[in-house]
$ cat coords-v9.txt   # compact mmCIF, C-alpha atoms
# COMPACT_ATOMS: atom_id res chain seq x y z
CA MET R 1 -29.44 65.81 260.85
CA SER R 2 -32.58 67.52 259.54
CA GLU R 3 -32.35 70.94 257.95
CA THR R 4 -34.49 72.39 260.73
CA LEU R 5 -32.19 71.05 263.45
CA LYS R 6 -29.11 72.16 261.52
CA ALA R 7 -30.52 75.68 261.23
CA ALA R 8 -31.17 75.73 264.98
CA VAL R 9 -27.57 74.64 265.63
CA HIS R 10 -26.24 77.37 263.34
CA ALA R 11 -28.34 80.00 265.13
CA ALA R 12 -27.19 78.76 268.56
CA ILE R 13 -23.52 78.82 267.52
CA LEU R 14 -23.83 82.38 266.22
CA ARG R 15 -25.36 83.45 269.51
CA MET R 16 -22.68 81.69 271.59
CA LEU R 17 -19.85 83.13 269.50
CA GLY R 18 -21.04 86.74 269.89
CA PRO R 19 -19.52 87.42 273.34
CA LEU R 20 -16.48 85.30 272.50
CA VAL R 21 -15.68 87.25 269.34
CA ARG R 22 -16.02 90.52 271.27
CA LEU R 23 -13.28 89.22 273.56
CA LEU R 24 -11.13 88.21 270.58
CA LEU R 25 -11.52 91.63 268.98
CA ALA R 26 -10.64 93.32 272.27
CA VAL R 27 -7.33 91.46 272.53
CA GLY R 28 -6.47 91.69 268.82
CA ILE R 29 -7.09 88.10 267.73
CA GLY R 30 -8.27 88.01 264.13
CA VAL R 31 -10.14 85.43 262.08
CA GLY R 32 -6.96 83.63 261.03
CA ASP R 33 -5.78 83.02 264.59
CA PHE R 34 -9.33 82.05 265.62
CA MET R 35 -9.56 79.45 262.84
CA ALA R 36 -6.27 77.94 263.99
CA LEU R 37 -7.73 77.58 267.49
CA VAL R 38 -10.95 76.08 266.09
CA LYS R 39 -8.95 73.36 264.37
CA VAL R 40 -7.25 72.46 267.65
CA VAL R 41 -10.62 72.25 269.41
CA TYR R 42 -12.03 70.01 266.67
CA VAL R 43 -9.10 67.62 267.04
CA ARG R 44 -9.42 67.52 270.83
CA ALA R 45 -13.17 66.95 270.69
CA ALA R 46 -12.86 64.15 268.12
CA ARG R 47 -10.08 62.56 270.20
CA ASP R 48 -12.23 62.67 273.34
CA VAL R 49 -15.21 61.15 271.52
CA GLY R 50 -12.95 58.32 270.40
CA ARG R 51 -11.90 57.67 273.98
CA GLU R 52 -15.41 57.83 275.44
CA LYS R 53 -17.45 56.05 272.76
CA ARG R 54 -14.92 53.87 270.95
CA GLY R 55 -12.55 53.01 273.76
CA GLU R 56 -9.52 54.25 271.83
CA LEU R 57 -6.51 54.19 274.13
CA ARG R 58 -4.51 56.19 271.59
CA PRO R 59 -5.93 58.87 269.28
CA ASN R 60 -6.72 57.58 265.78
CA ALA R 61 -5.37 60.32 263.53
CA SER R 62 -6.98 58.85 260.42
CA ARG R 63 -10.46 58.74 261.96
CA ILE R 64 -10.07 62.24 263.42
CA ALA R 65 -9.03 63.55 259.99
CA VAL R 66 -12.16 62.05 258.41
CA VAL R 67 -14.66 63.42 260.94
CA THR R 68 -13.08 66.89 261.20
CA GLY R 69 -12.24 67.49 257.55
CA LEU R 70 -8.59 68.20 258.37
CA THR R 71 -5.65 66.46 256.77
CA ARG R 72 -4.00 63.58 258.58
CA GLY R 73 -0.78 65.60 258.76
CA GLU R 74 -2.54 68.51 260.48
CA VAL R 75 -4.18 66.15 262.97
CA ALA R 76 -0.93 64.35 263.77
CA ALA R 77 0.89 67.65 264.35
CA MET R 78 -1.82 68.93 266.69
CA LEU R 79 -1.92 65.70 268.66
CA ALA R 80 1.85 65.77 269.07
CA ALA R 81 1.78 69.38 270.29
CA ASP R 82 -1.11 68.73 272.66
CA SER R 83 0.64 66.53 275.20
CA ASP R 84 -0.20 68.85 278.11
CA GLU R 85 -3.45 70.80 277.80
CA ARG R 86 -3.50 72.09 281.37
CA ARG R 87 -1.27 75.07 281.97
CA THR R 88 0.76 75.46 285.13
CA SER R 89 -1.02 78.74 285.90
CA ASP R 90 -4.38 76.94 285.77
CA ARG R 91 -3.18 74.28 288.17
CA GLY R 92 -1.89 76.93 290.56
CA ARG R 93 -5.16 78.81 290.42
CA GLN R 94 -7.18 75.68 291.16
CA ARG R 95 -4.90 74.80 294.06
CA ALA R 96 -5.48 78.23 295.55
CA GLU R 97 -9.22 77.67 295.22
CA ARG R 98 -8.97 74.36 297.09
CA VAL R 99 -6.95 75.97 299.87
CA LEU R 100 -9.49 78.77 300.31
CA SER R 101 -12.38 76.30 300.34
CA GLY R 102 -10.67 74.19 302.97
CA TRP R 103 -10.07 77.25 305.12
CA TRP R 104 -13.78 78.04 305.18
CA ASN R 105 -15.07 74.47 305.53
CA ASP R 106 -12.56 72.34 307.46
CA PRO R 107 -13.25 72.45 311.23
CA ASP R 108 -9.51 72.14 311.88
CA PHE R 109 -9.05 75.62 310.43
CA ARG R 110 -12.16 77.32 311.79
CA THR R 111 -13.03 78.95 315.09
CA ARG R 112 -15.67 77.63 317.48
CA LEU R 113 -18.14 80.03 315.89
CA GLY R 114 -17.47 78.50 312.48
CA ASP R 115 -15.47 81.36 311.00
CA PRO R 116 -12.08 80.87 309.30
CA ALA R 117 -9.40 81.09 311.94
CA VAL R 118 -6.59 83.64 311.73
CA LEU R 119 -3.54 81.51 310.89
CA PRO R 120 0.19 81.88 311.38
CA ILE R 121 2.16 81.24 308.23
CA SER R 122 4.19 78.33 309.60
CA GLY R 123 3.58 75.57 312.11
CA SER R 124 2.82 71.88 312.19
CA ARG R 125 -0.83 72.36 313.22
CA ARG R 126 -3.46 74.96 312.36
CA SER R 127 -1.18 77.06 310.22
CA PHE R 128 -1.39 78.30 306.65
CA THR R 129 1.44 75.94 305.74
CA GLU R 130 -0.53 72.96 307.04
CA LEU R 131 -3.65 74.20 305.23
CA VAL R 132 -1.74 74.36 301.94
CA ARG R 133 -0.24 70.92 302.50
CA ARG R 134 -3.61 69.35 303.18
CA TYR R 135 -5.53 70.89 300.30
CA SER R 136 -3.06 71.54 297.51
CA ASN R 137 -0.33 68.92 297.84
CA GLU R 138 1.98 71.83 297.09
CA PRO R 139 5.21 72.13 299.14
CA ARG R 140 5.60 75.80 298.23
CA VAL R 141 3.41 78.05 300.35
CA ALA R 142 4.38 81.45 298.93
CA PRO R 143 2.78 81.05 295.45
CA ILE R 144 -0.56 80.01 296.97
CA LEU R 145 -0.51 82.88 299.48
CA ASP R 146 0.50 85.40 296.81
CA GLU R 147 -2.39 84.30 294.60
CA LEU R 148 -4.96 84.56 297.41
CA LEU R 149 -3.60 87.99 298.38
CA ARG R 150 -3.76 89.11 294.74
CA VAL R 151 -7.49 88.37 294.41
CA ASN R 152 -8.19 89.93 297.83
CA ALA R 153 -9.46 86.68 299.30
CA VAL R 154 -6.88 86.85 302.11
CA LYS R 155 -5.46 89.70 304.17
CA ARG R 156 -2.05 89.78 305.86
CA LEU R 157 -2.27 91.25 309.37
CA SER R 158 0.32 93.43 311.07
CA ASP R 159 1.53 90.57 313.29
CA GLY R 160 2.36 88.42 310.27
CA THR R 161 -0.71 86.15 310.46
CA VAL R 162 -3.18 85.81 307.61
CA LYS R 163 -6.97 86.11 307.62
CA ALA R 164 -9.53 84.89 305.09
CA ILE R 165 -11.80 87.80 304.16
CA SER R 166 -13.65 86.41 301.13
CA ARG R 167 -15.36 83.09 300.72
CA SER R 168 -15.13 83.17 296.94
CA TYR R 169 -12.02 82.95 294.83
CA ALA R 170 -13.95 83.40 291.59
CA THR R 171 -12.97 86.77 290.20
CA VAL R 172 -13.01 87.70 286.54
CA ARG R 173 -10.39 90.38 285.92
CA TRP R 174 -8.78 91.67 282.75
CA ASN R 175 -5.60 89.66 283.26
CA PRO R 176 -4.39 86.15 282.32
CA ASP R 177 -6.01 84.49 285.34
CA GLY R 178 -9.27 86.36 284.77
CA ILE R 179 -9.38 85.24 281.14
CA ALA R 180 -8.61 81.67 282.23
CA SER R 181 -11.50 81.83 284.69
CA LEU R 182 -13.83 83.12 281.97
CA GLY R 183 -12.90 80.25 279.66
CA GLU R 184 -13.28 77.69 282.44
CA GLN R 185 -16.75 78.89 283.43
CA LEU R 186 -18.01 79.12 279.84
CA GLY R 187 -16.70 75.61 279.19
CA GLU R 188 -18.44 74.23 282.27
CA HIS R 189 -21.74 75.87 281.37
CA CYS R 190 -21.70 74.63 277.76
CA ALA R 191 -20.65 71.13 278.85
CA THR R 192 -23.60 70.93 281.27
CA LEU R 193 -26.13 71.99 278.64
CA LEU R 194 -24.62 69.59 276.09
CA HIS R 195 -24.76 66.76 278.63
CA ASN R 196 -28.47 67.38 279.10
CA LEU R 197 -29.02 67.24 275.33
CA GLU R 198 -27.12 63.97 275.05
CA HIS R 199 -28.51 62.38 278.25
CA PRO R 200 -32.11 63.57 278.71
CA GLY R 201 -32.76 60.67 281.09
CA GLN R 202 -29.96 61.80 283.45
CA PRO R 203 -29.91 65.60 283.25
CA ARG R 204 -27.78 67.81 285.44
CA PHE R 205 -29.69 70.49 287.28
CA VAL R 206 -30.25 73.68 285.30
CA ARG R 207 -32.67 76.41 286.31
CA ARG R 208 -33.18 79.66 284.41
CA VAL R 209 -35.52 82.43 285.56
CA VAL R 210 -36.12 85.40 283.25
CA ASN R 211 -38.32 88.47 283.02
CA ALA R 212 -37.94 89.83 279.48
CA GLN R 213 -40.15 92.85 280.19
CA LEU R 214 -38.84 94.18 283.50
CA ASP R 215 -39.59 97.81 284.31
CA PRO R 216 -36.15 99.53 284.57
CA LEU R 217 -37.34 101.38 287.69
CA TYR R 218 -37.42 98.09 289.62
CA ARG R 219 -34.03 96.85 288.39
CA PRO R 220 -31.72 98.21 291.16
CA LEU R 221 -33.89 96.96 294.02
CA LEU R 222 -34.48 93.55 292.48
CA LEU R 223 -30.81 93.02 291.65
CA ARG R 224 -29.83 93.89 295.22
CA ASP R 225 -32.35 91.43 296.65
CA ILE R 226 -31.40 88.71 294.16
CA GLN R 227 -27.70 89.07 294.98
CA GLU R 228 -28.37 88.80 298.70
CA GLN R 229 -30.48 85.66 298.18
CA LEU R 230 -27.91 84.06 295.89
CA ASP R 231 -25.07 84.86 298.32
CA ALA R 232 -26.96 83.15 301.14
CA ALA R 233 -27.79 80.14 298.95
CA ALA R 234 -24.18 79.90 297.71
CA ASP R 235 -22.82 79.91 301.28
CA SER R 236 -25.21 77.12 302.27
CA ILE R 237 -24.32 75.06 299.19
CA ASP R 238 -20.62 75.65 299.83
CA ASP R 239 -20.96 74.29 303.38
CA ALA R 240 -22.67 71.11 302.13
CA LEU R 241 -20.55 70.60 299.02
CA ASN R 242 -17.21 71.03 300.79
CA GLU R 243 -18.10 69.27 304.03
CA ARG R 244 -14.90 67.84 305.47
CA ARG R 245 -16.07 64.22 305.63
CA ALA R 246 -17.08 64.27 301.97
CA THR R 247 -13.82 65.77 300.70
CA VAL R 248 -10.69 63.83 299.80
CA THR R 249 -7.29 65.47 300.12
CA PRO R 250 -4.36 65.06 297.74
CA ALA R 251 -2.00 62.16 298.35
CA PRO R 252 1.49 61.41 296.97
CA GLY R 253 0.19 58.49 294.90
CA GLY R 254 -2.88 60.38 293.68
CA ARG R 255 -6.52 59.85 294.63
CA GLU R 256 -9.69 59.54 292.60
CA ALA R 257 -12.17 62.40 293.04
CA VAL R 258 -15.07 64.09 291.27
CA ARG R 259 -15.27 67.79 290.52
CA VAL R 260 -18.78 69.06 291.29
CA GLY R 261 -19.82 72.69 291.34
CA VAL R 262 -22.72 75.11 291.16
CA VAL R 263 -22.60 78.41 289.29
CA MET R 264 -24.98 81.32 289.83
CA TYR R 265 -24.93 84.45 287.73
CA VAL R 266 -27.19 87.33 286.76
CA PHE R 267 -27.47 88.47 283.16
CA GLU R 268 -29.20 91.46 281.65
CA GLU R 269 -29.56 93.14 278.28
CA PRO R 270 -31.65 96.06 277.00
CA VAL R 271 -34.89 95.14 275.25
CA LEU R 272 -37.10 97.36 273.11
CA LEU R 273 -40.70 96.18 273.27
CA GLU R 274 -42.74 96.68 270.14
CA PRO R 275 -46.09 98.48 270.42
CA ALA R 276 -48.90 96.16 271.38
CA ALA R 277 -50.86 94.92 268.38
CA SER R 278 -54.44 96.17 268.09
CA ARG R 279 -57.06 93.62 269.00
CA LYS R 280 -59.27 94.83 266.13
CA ARG R 281 -58.38 93.37 262.79
CA PRO R 282 -58.85 95.37 259.60
CA LEU R 283 -62.41 95.32 258.21
CA ALA R 284 -61.38 93.54 255.04
CA THR R 285 -59.69 90.80 257.04
CA ARG R 286 -62.74 90.29 259.26
CA ARG R 287 -65.07 90.06 256.27
CA SER R 288 -62.80 87.59 254.51
CA THR R 289 -62.61 85.41 257.60
CA ARG R 290 -66.41 85.37 258.06
CA GLY R 291 -66.90 84.47 254.43
CA THR R 292 -64.45 81.62 254.63
CA SER R 293 -66.09 80.35 257.79
CA ARG R 294 -69.51 80.22 256.14
CA ARG R 295 -68.22 78.40 253.10
CA SER R 296 -66.49 75.79 255.24
CA LYS R 297 -69.75 74.77 256.92
CA PRO R 298 -71.40 71.66 255.50

$ encode --input "coords-v9.txt" --output "structure tokens"
Amino acid sequence: MSETLKAAVHAAILRMLGPLVRLLLAVGIGVGDFMALVKVVYVRAARDVGREKRGELRPNASRIAVVTGLTRGEVAAMLAADSDERRTSDRGRQRAERVLSGWWNDPDFRTRLGDPAVLPISGSRRSFTELVRRYSNEPRVAPILDELLRVNAVKRLSDGTVKAISRSYATVRWNPDGIASLGEQLGEHCATLLHNLEHPGQPRFVRRVVNAQLDPLYRPLLLRDIQEQLDAAADSIDDALNERRATVTPAPGGREAVRVGVVMYVFEEPVLLEPAASRKRPLATRRSTRGTSRRSKP
């Protein structure tokens, strides 16, 4: 790697780590704990590269130690402790997301007007229990319902039925699930950009629109309009992406599927514009330039 490219990588890493370190400081995680996590990530990444590019069915601790700079003993210990990366809470959260998506997109659980139907909790057809069975492969209904109620995506009515009131499950809150969602979304975003660097001939869609000199007076109105446009676009994409015929449902023996998603977000930060440079150069500079120009003529 050239020194120029390495310097660019260093600068990019520093910029990416800024928001992350603010989170770590907020929750009391110091440099020592962070370095321990970094080692785990290095081992996982080197293991995954071995699977994808070398076809290694089992992690090669010796190779991972060489490429990461860790000792073989450290690598072996991390691999042994890393038998299950996905936490139960993450799986439950993702199952709740699938259930909510099915409620909004499966005709069996919508009204004639296309809205999510109000569902009784139990029943063999068109019930919340059947919805959970179809989209989560989870026999327990209560944990899924509790999670959807917690994020205010579902409302329990006075007659005991439940109603979907939000199309989106995505909610970043200052709690374990909110932090998990933050990590998941950051990971997805970075993985997409890295994919495009590694596979320029087959890039995934990325579009970024920025005004770095926006007049603050226009900010509230523009943000309102942008949010309305993005909400409409997200609803349309959701309808197409989760169309019933294109969606497989969990089965006892497992089924192959692909996870595809689209993320939209608005970012902003204060910017102090420097005074515009004068178009007139100093007299000495202009004279020097004219003199040089004359001497350069044949």

$ residues_around --input "coords-v9.txt" --residues "Val21 of chain R" --least-positions-apart "5" --cutoff "12 Å" --atoms "all atoms listed in the file" --output "CSV table (one decimal) with C-alpha atoms, in the coordinates of the input"
chain,number,residue,atom,x,y,z
R,13,ILE,CA,-23.5,78.8,267.5
R,14,LEU,CA,-23.8,82.4,266.2
R,15,ARG,CA,-25.4,83.4,269.5
R,16,MET,CA,-22.7,81.7,271.6
R,26,ALA,CA,-10.6,93.3,272.3
R,27,VAL,CA,-7.3,91.5,272.5
R,28,GLY,CA,-6.5,91.7,268.8
R,29,ILE,CA,-7.1,88.1,267.7
R,30,GLY,CA,-8.3,88.0,264.1
R,31,VAL,CA,-10.1,85.4,262.1
R,33,ASP,CA,-5.8,83.0,264.6
R,34,PHE,CA,-9.3,82.0,265.6
R,35,MET,CA,-9.6,79.4,262.8

$ axis_aligned_box --input "coords-v9.txt" --around "segment 35-40 of chain R" --padding-each-side "5 Å" --output "JSON"
{"center_x": -8.6, "center_y": 76.0, "center_z": 265.2, "size_x": 14.7, "size_y": 17.0, "size_z": 14.8}

$ closest_residue --input "coords-v9.txt" --among "R:Val99, R:Ala76, R:Ile226, R:Leu148" --to "Leu131 of chain R" --atoms "all atoms listed in the file"
R:Val99

$ residues_around --input "coords-v9.txt" --residues "Pro143 of chain R" --least-positions-apart "3" --cutoff "9 Å" --atoms "all atoms listed in the file" --output "PyMOL selection string"
chain R and resi 92+96+140+146-148

$ atom_distance --input "coords-v9.txt" --atom1 "atom CA of Ser166 of chain R" --atom2 "atom CA of Trp104 of chain R"
9.3 Å

$ atom_distance --input "coords-v9.txt" --atom1 "atom CA of Gly183 of chain R" --atom2 "atom CA of Arg259 of chain R"
16.7 Å

$ residues_around --input "coords-v9.txt" --residues "Val248 of chain R" --least-positions-apart "2" --cutoff "10 Å" --atoms "only C-alpha atoms" --output "PyMOL selection string"
chain R and resi 134-135+242+244-246+250-251+255-258

$ residues_around --input "coords-v9.txt" --residues "Gly102 of chain R" --least-positions-apart "3" --cutoff "12 Å" --atoms "all atoms listed in the file" --output "ChimeraX atom specification"
/R:95-99,105-110,115-117,126,128,130-136,164,167-168,238-239,241-249

$ atom_distance --input "coords-v9.txt" --atom1 "atom CA of Val162 of chain R" --atom2 "atom CA of Ile121 of chain R"
7.1 Å

$ residues_around --input "coords-v9.txt" --residues "segment 211-218 of chain R" --least-positions-apart "4" --cutoff "10 Å" --atoms "only C-alpha atoms" --output "number ranges by chain"
R: 222-223, 268-273

$ write_last_selection --input "coords-v9.txt" --atoms "C-alpha atoms" --output "short mmCIF file (atom, residue, chain, number, x, y, z; two decimals), in the frame of the given file"
data_model
loop_
_atom_site.label_atom_id
_atom_site.label_comp_id
_atom_site.auth_asym_id
_atom_site.auth_seq_id
_atom_site.Cartn_x
_atom_site.Cartn_y
_atom_site.Cartn_z
CA LEU R 222 -34.48 93.55 292.48
CA LEU R 223 -30.81 93.02 291.65
CA GLU R 268 -29.20 91.46 281.65
CA GLU R 269 -29.56 93.14 278.28
CA PRO R 270 -31.65 96.06 277.00
CA VAL R 271 -34.89 95.14 275.25
CA LEU R 272 -37.10 97.36 273.11
CA LEU R 273 -40.70 96.18 273.27
#

$ closest_residue --input "coords-v9.txt" --among "R:Val43, R:Val263, R:Met78, R:Pro120" --to "Ile64 of chain R" --atoms "all atoms listed in the file"
R:Val43

$ closest_residue --input "coords-v9.txt" --among "R:Leu100, R:Leu182, R:Ala77, R:Leu70" --to "Leu20 of chain R" --atoms "all atoms listed in the file"
R:Leu182

$ closest_residue --input "coords-v9.txt" --among "R:Ile144, R:Met1, R:Val151, R:Ala45" --to "Asn175 of chain R" --atoms "all atoms listed in the file"
R:Val151

$ closest_residue --input "coords-v9.txt" --among "R:Gly160, R:Ser236, R:Tyr169, R:Asp82" --to "Pro59 of chain R" --atoms "only C-alpha atoms"
R:Asp82

$ closest_residue --input "coords-v9.txt" --among "R:Gln94, R:Leu221, R:Leu113, R:Val262" --to "Ala180 of chain R" --atoms "only C-alpha atoms"
R:Gln94
